[in-house]
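Q: Supplied in structure tokens, the structure appears directly below.
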Amino acid sequence: MNRYASAISEHPVAAQAVGELAGSVLEQLEGSRVDLLVVFVSPHFAGATEDIGGVLRAVLEPRVLVGSTNAAVIGAGREVEGRAAIALWAAHFDAGTSRVVKLAVDPYDDGVALVGWPADSVADAHTLLLFADPFTFPVDGVLRAFAVSHPHLQVIGGMASAANGPGVNRRFADDLVLDRGAVGVLLTGDDPVTAVVSQGCRPIGQPYTVTAVDGNYVQELGGRTALERLQEVAAAMPVDEREHLQRGLHVGLVVDEHLVDFGRGDFLVRNVLGARSDDGALAIGATVEIGQTLQFQVRDAAAADADLRHMLAGQSAQAALLMTCTGRGEHLFGTPNHDAGLVRDLLGPIPVAGGFCAGEIGPVGGANHVHGFTASLALFS
């Protein structure tokens with residue numbers, strides 16, 4: 001039987017925090033070996049990551065150790081923001097295996113080459129847990145390559161968020177601590193990992209067919225300029241809701257054009273980056289093609305809460321990893337512990353740990369993507 005454990009410590013001294021965490025994990029696993037250990041470390045301990053990893057390996061003897069530094073860490077139904085904290089998540093697998101991959105990119109001819117991906121077959125792996133540096137690892141491009149080379153591999157994870165520039169974020173990879181690239185864990189076995197991606201938006205207005213584009217600028221929707229369509233949607237909204245357009249306007253691109261009606265989970269949500277006054281085009285944080293279906297979306301605390309509740313409805317798990325955006329948390333919801341608390345309320349007091357990310361990774365519509373303002377979960381059975 002699979003067994004899981006999680007723990008979080010806010011002790012300001014790293015050695016004391018790690019001791020508390022290791023003891024808690026050992027107690028929860030009751031002597032079962034640690035097959036996978038994931039650690040999330042707040043920026044306060046970035047300089048102590050090698051010591052933290054060394055002690056955890058010595059005490060817990062995990063077969064695989066991965067993790068990252070994050071702006072805030074999650075555990076035990078809490079989101080510790082702005083304070084020192086370390087969270088651990090441990091798994092003992094009755095069957096199946098976990099395998100660390102250390103990834104980087106090198107320039108190659110007119111592009112880049114992925115370094116560190118296993119040369120032998122990974123066809124038996126069903127999930128890649130991925131923790132990447134946003135400054136030195138092009139996750140979007142790698143996910144597009146995986147869509148061709150490994151179309152059945154789901155990728156769940158997040159981008160480290162403890163720093164605003166390269167060379168400061170850290171990732172744990174067994175006995176190494178890396179300041180560049182990405183660290184992943186390939187999971188195999190018969191026990192599936194369920195991905196839940198809550199993009200936290202609600203659609204407004206009606207869906208439109210994209211009828212003219214210029215790069216990432218959407219020029220026309222249903223034969224009218226995109227800006228005109230947006231103005232139509234805004235005019236139809238109640239006055240007290242129009243402020244949401246200024247604070248959180250996005251678009252949703254339908255991921256399955258065969259659907260008749262579109263609702264939550266049917267869109268890939270992307271930012272609206274700006275507008276061109278000369279032709280009424282809107283700049284979108286994605287490449288858009290003529291014929292795609294697009295619907296405007298707004299993001300606010302109520303929409304984010306409702307969407308996460310909707311995505312978790314009917315789910316069950318023995319444990320979970322939770323990667324949530326740095327733009328969520330108390331800044332969005334006005335109260336602490338929203339995402340972690342909601343997971344605990346809906347899934348029960350299962351072992352959960354995670355971190356705030358500078359981009360969350362998870363599948364939508366059968367394809368892996370990097371998201372923003374999202375909660376991405378890996379649910380373990």
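Identifiers for the structure tokens are assigned positionally: chains receive A, B, ... in sequence, residues are indexed from 1 per chain, and ligands are indexed from 1 in the order shown.
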Fewer than 6 positions away in the same chain doesn't count, so skip those; otherwise give me all residues within 6 Å of region 65-82 of chain A, counting only C-alpha atoms, as a ChimeraX atom specification.
A: /A:8,37-42,160-162,169-174,337,340-341,344,352-356
Q: Identify, on the basis of only C-alpha atoms, every residue whose closest approach to Gln315 (chain A) does not exceed 12 Å; exclude the query and any residue fewer than 2 positions from it along the same chain; express the result as a ChimeraX atom specification.
A: /A:193-196,308-313,317-320,343,346-348,377-381
Q: Counting only C-alpha atoms, which of A:Gly329, A:Ile156, A:Arg3, A:Gln297 gets nearest to Ala234 (chain A)?
A: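 Between A:Gly329, A:Ile156, A:Arg3, A:Gln297, the residue approaching Ala234 (chain A) most closely is A:Gln297.
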Q: Write out as a tab-separated table (two decimals) with N, CA and C atoms, in the first residue's frame the residues lying within 8 Å of region 370-373 of chain A, counting only C-alpha atoms and excluding same-chain residues fewer than 5 positions away.
A:
```tsv
chain	number	residue	atom	x	y	z
A	139	VAL	N	10.50	26.45	-20.33
A	139	VAL	CA	9.52	25.39	-20.11
A	139	VAL	C	8.53	25.29	-21.27
A	140	ASP	N	8.05	26.43	-21.77
A	140	ASP	CA	7.08	26.39	-22.87
A	140	ASP	C	7.61	25.59	-24.05
A	199	GLN	N	-7.67	27.34	-13.30
A	199	GLN	CA	-7.16	28.59	-13.87
A	199	GLN	C	-7.82	29.83	-13.25
A	200	GLY	N	-8.86	29.63	-12.48
A	200	GLY	CA	-9.36	30.71	-11.65
A	200	GLY	C	-10.07	31.83	-12.37
A	269	VAL	N	-6.46	29.64	-20.61
A	269	VAL	CA	-6.56	31.05	-20.27
A	269	VAL	C	-5.21	31.74	-20.46
A	270	ARG	N	-5.24	32.88	-21.12
A	270	ARG	CA	-4.03	33.66	-21.36
A	270	ARG	C	-4.30	35.14	-21.13
A	324	THR	N	0.77	26.77	-6.44
A	324	THR	CA	-0.15	27.88	-6.67
A	324	THR	C	0.63	29.14	-6.99
A	325	CYS	N	-0.02	30.08	-7.65
A	325	CYS	CA	0.68	31.25	-8.17
A	325	CYS	C	0.99	32.27	-7.08
A	326	THR	N	2.10	32.96	-7.26
A	326	THR	CA	2.44	34.06	-6.34
A	326	THR	C	1.42	35.19	-6.42
A	327	GLY	N	0.61	35.23	-7.49
A	327	GLY	CA	-0.43	36.24	-7.60
A	327	GLY	C	-1.72	35.86	-6.90
A	328	ARG	N	-1.75	34.69	-6.29
A	328	ARG	CA	-2.93	34.27	-5.54
A	328	ARG	C	-2.65	34.57	-4.06
A	358	ALA	N	6.21	30.94	-9.87
A	358	ALA	CA	6.23	32.01	-10.87
A	358	ALA	C	5.72	31.50	-12.21
A	359	GLY	N	4.85	30.54	-12.18
A	359	GLY	CA	4.29	29.86	-13.35
A	359	GLY	C	4.00	28.44	-12.94
A	360	GLU	N	2.79	27.98	-13.19
A	360	GLU	CA	2.36	26.66	-12.78
A	360	GLU	C	2.22	25.77	-14.01
A	361	ILE	N	2.54	24.51	-13.87
A	361	ILE	CA	2.57	23.58	-14.99
A	361	ILE	C	1.51	22.51	-14.79
A	362	GLY	N	0.74	22.26	-15.84
A	362	GLY	CA	-0.25	21.20	-15.77
A	362	GLY	C	-1.00	21.08	-17.08
```
Q: Which residue out of A:Gly265, A:Gly291, A:Pro151, A:Gly189 has the minimum interatomic distance to Gly365 (chain A) when only C-alpha atoms are used?
A: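 Ranking A:Gly265, A:Gly291, A:Pro151, A:Gly189 by distance to Gly365 (chain A), first place goes to A:Gly265.
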Q: To one decimal place, how far is CA of Ser121 (chain A) from CA of Leu60 (chain A) in Å?
A: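 Answer for the CA of Ser121 (chain A) to CA of Leu60 (chain A) separation: 29.5 Å.
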Q: Select from region 179-219 of chain A everything DSSP, run on the backbone, classes as strand (DSSP E), then give the selection as a PyMOL selection string.
A: chain A and resi 182-188+193-198+201-203+208-214+217-219
Q: Suppose we keep N, CA and C atoms; can you now write the selection as a PDB file, in the first residue's frame?
A:
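Printed below is result_35.pdb as written:
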```pdb
ATOM      1  N   ALA A 182      16.298  22.786 -14.688  1.00  0.00           N
ATOM      2  CA  ALA A 182      15.102  22.202 -14.088  1.00  0.00           C
ATOM      3  C   ALA A 182      15.424  20.837 -13.507  1.00  0.00           C
ATOM      4  N   VAL A 183      14.605  20.424 -12.573  1.00  0.00           N
ATOM      5  CA  VAL A 183      14.692  19.099 -11.963  1.00  0.00           C
ATOM      6  C   VAL A 183      13.335  18.435 -12.119  1.00  0.00           C
ATOM      7  N   GLY A 184      13.343  17.187 -12.521  1.00  0.00           N
ATOM      8  CA  GLY A 184      12.091  16.462 -12.681  1.00  0.00           C
ATOM      9  C   GLY A 184      12.145  15.104 -12.028  1.00  0.00           C
ATOM     10  N   VAL A 185      10.971  14.536 -11.835  1.00  0.00           N
ATOM     11  CA  VAL A 185      10.837  13.174 -11.335  1.00  0.00           C
ATOM     12  C   VAL A 185       9.905  12.428 -12.275  1.00  0.00           C
ATOM     13  N   LEU A 186      10.403  11.372 -12.904  1.00  0.00           N
ATOM     14  CA  LEU A 186       9.588  10.514 -13.745  1.00  0.00           C
ATOM     15  C   LEU A 186       8.958   9.437 -12.880  1.00  0.00           C
ATOM     16  N   LEU A 187       7.628   9.332 -12.934  1.00  0.00           N
ATOM     17  CA  LEU A 187       6.891   8.370 -12.129  1.00  0.00           C
ATOM     18  C   LEU A 187       6.337   7.268 -13.017  1.00  0.00           C
ATOM     19  N   THR A 188       6.513   6.027 -12.587  1.00  0.00           N
ATOM     20  CA  THR A 188       5.964   4.874 -13.289  1.00  0.00           C
ATOM     21  C   THR A 188       5.113   4.066 -12.324  1.00  0.00           C
ATOM     22  N   VAL A 193      -1.496   9.290 -11.312  1.00  0.00           N
ATOM     23  CA  VAL A 193      -1.460  10.602 -10.689  1.00  0.00           C
ATOM     24  C   VAL A 193      -2.450  11.476 -11.453  1.00  0.00           C
ATOM     25  N   THR A 194      -3.388  12.050 -10.729  1.00  0.00           N
ATOM     26  CA  THR A 194      -4.418  12.875 -11.363  1.00  0.00           C
ATOM     27  C   THR A 194      -4.021  14.334 -11.296  1.00  0.00           C
ATOM     28  N   ALA A 195      -4.032  15.002 -12.447  1.00  0.00           N
ATOM     29  CA  ALA A 195      -3.718  16.430 -12.503  1.00  0.00           C
ATOM     30  C   ALA A 195      -5.003  17.231 -12.405  1.00  0.00           C
ATOM     31  N   VAL A 196      -4.974  18.264 -11.566  1.00  0.00           N
ATOM     32  CA  VAL A 196      -6.080  19.208 -11.450  1.00  0.00           C
ATOM     33  C   VAL A 196      -5.508  20.600 -11.668  1.00  0.00           C
ATOM     34  N   VAL A 197      -6.004  21.302 -12.669  1.00  0.00           N
ATOM     35  CA  VAL A 197      -5.533  22.650 -12.973  1.00  0.00           C
ATOM     36  C   VAL A 197      -6.713  23.603 -12.871  1.00  0.00           C
ATOM     37  N   SER A 198      -6.654  24.497 -11.891  1.00  0.00           N
ATOM     38  CA  SER A 198      -7.690  25.505 -11.708  1.00  0.00           C
ATOM     39  C   SER A 198      -7.141  26.851 -12.171  1.00  0.00           C
ATOM     40  N   CYS A 201     -10.630  31.569 -13.541  1.00  0.00           N
ATOM     41  CA  CYS A 201     -11.343  32.600 -14.287  1.00  0.00           C
ATOM     42  C   CYS A 201     -12.783  32.196 -14.515  1.00  0.00           C
ATOM     43  N   ARG A 202     -13.590  33.170 -14.883  1.00  0.00           N
ATOM     44  CA  ARG A 202     -14.951  32.884 -15.347  1.00  0.00           C
ATOM     45  C   ARG A 202     -15.165  33.597 -16.667  1.00  0.00           C
ATOM     46  N   PRO A 203     -15.842  32.931 -17.603  1.00  0.00           N
ATOM     47  CA  PRO A 203     -16.077  33.545 -18.908  1.00  0.00           C
ATOM     48  C   PRO A 203     -17.121  34.648 -18.834  1.00  0.00           C
ATOM     49  N   TYR A 208     -16.435  33.914 -29.450  1.00  0.00           N
ATOM     50  CA  TYR A 208     -16.308  34.436 -30.807  1.00  0.00           C
ATOM     51  C   TYR A 208     -15.303  33.597 -31.587  1.00  0.00           C
ATOM     52  N   THR A 209     -15.502  33.563 -32.893  1.00  0.00           N
ATOM     53  CA  THR A 209     -14.522  32.951 -33.777  1.00  0.00           C
ATOM     54  C   THR A 209     -13.494  34.002 -34.189  1.00  0.00           C
ATOM     55  N   VAL A 210     -12.224  33.658 -34.058  1.00  0.00           N
ATOM     56  CA  VAL A 210     -11.153  34.574 -34.477  1.00  0.00           C
ATOM     57  C   VAL A 210     -11.148  34.624 -36.007  1.00  0.00           C
ATOM     58  N   THR A 211     -11.313  35.834 -36.564  1.00  0.00           N
ATOM     59  CA  THR A 211     -11.408  35.980 -38.021  1.00  0.00           C
ATOM     60  C   THR A 211     -10.237  36.730 -38.633  1.00  0.00           C
ATOM     61  N   ALA A 212      -9.357  37.316 -37.817  1.00  0.00           N
ATOM     62  CA  ALA A 212      -8.149  37.957 -38.352  1.00  0.00           C
ATOM     63  C   ALA A 212      -7.120  38.063 -37.239  1.00  0.00           C
ATOM     64  N   VAL A 213      -5.860  37.747 -37.567  1.00  0.00           N
ATOM     65  CA  VAL A 213      -4.781  37.814 -36.587  1.00  0.00           C
ATOM     66  C   VAL A 213      -3.540  38.433 -37.229  1.00  0.00           C
ATOM     67  N   ASP A 214      -2.666  38.915 -36.367  1.00  0.00           N
ATOM     68  CA  ASP A 214      -1.362  39.434 -36.782  1.00  0.00           C
ATOM     69  C   ASP A 214      -0.370  39.041 -35.701  1.00  0.00           C
ATOM     70  N   TYR A 217      -1.377  39.255 -32.039  1.00  0.00           N
ATOM     71  CA  TYR A 217      -2.464  40.240 -31.970  1.00  0.00           C
ATOM     72  C   TYR A 217      -3.725  39.637 -32.602  1.00  0.00           C
ATOM     73  N   VAL A 218      -4.808  39.648 -31.849  1.00  0.00           N
ATOM     74  CA  VAL A 218      -6.106  39.255 -32.386  1.00  0.00           C
ATOM     75  C   VAL A 218      -6.749  40.519 -32.951  1.00  0.00           C
ATOM     76  N   GLN A 219      -6.915  40.550 -34.265  1.00  0.00           N
ATOM     77  CA  GLN A 219      -7.454  41.740 -34.905  1.00  0.00           C
ATOM     78  C   GLN A 219      -8.976  41.740 -34.956  1.00  0.00           C
TER      79      GLN A 219
END
```
Q: Work out how far apart CA of Leu294 (chain A) and CA of Arg247 (chain A) are and give it in Å to one decimal.
A: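 Here the two named atoms are 19.6 Å from each other.
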Q: Just give me the gap between CA of Gly23 (chain A) and CA of Ala91 (chain A) in Å, one decimal is fine.
A: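 Interatomic distance here is 14.9 Å.
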Q: Using only C-alpha atoms, which of A:Gly205, A:Gly19, A:Gly54, A:Gly165 sits nearest Pro134 (chain A)?
A: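 Of all the options, A:Gly165 lies closest to Pro134 (chain A).
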Q: So that I can check the secondary structure, give me every residue of region 213-301 of chain A assigned alpha helix (DSSP H) by backbone DSSP, as a ChimeraX atom specification.
A: /A:226-236,243-248,301
Q: So which one's closest to Ala46 (chain A), A:Val59, A:Ala145, A:Ile86, A:Val100? Using only C-alpha atoms, please.
A: A:Ile86
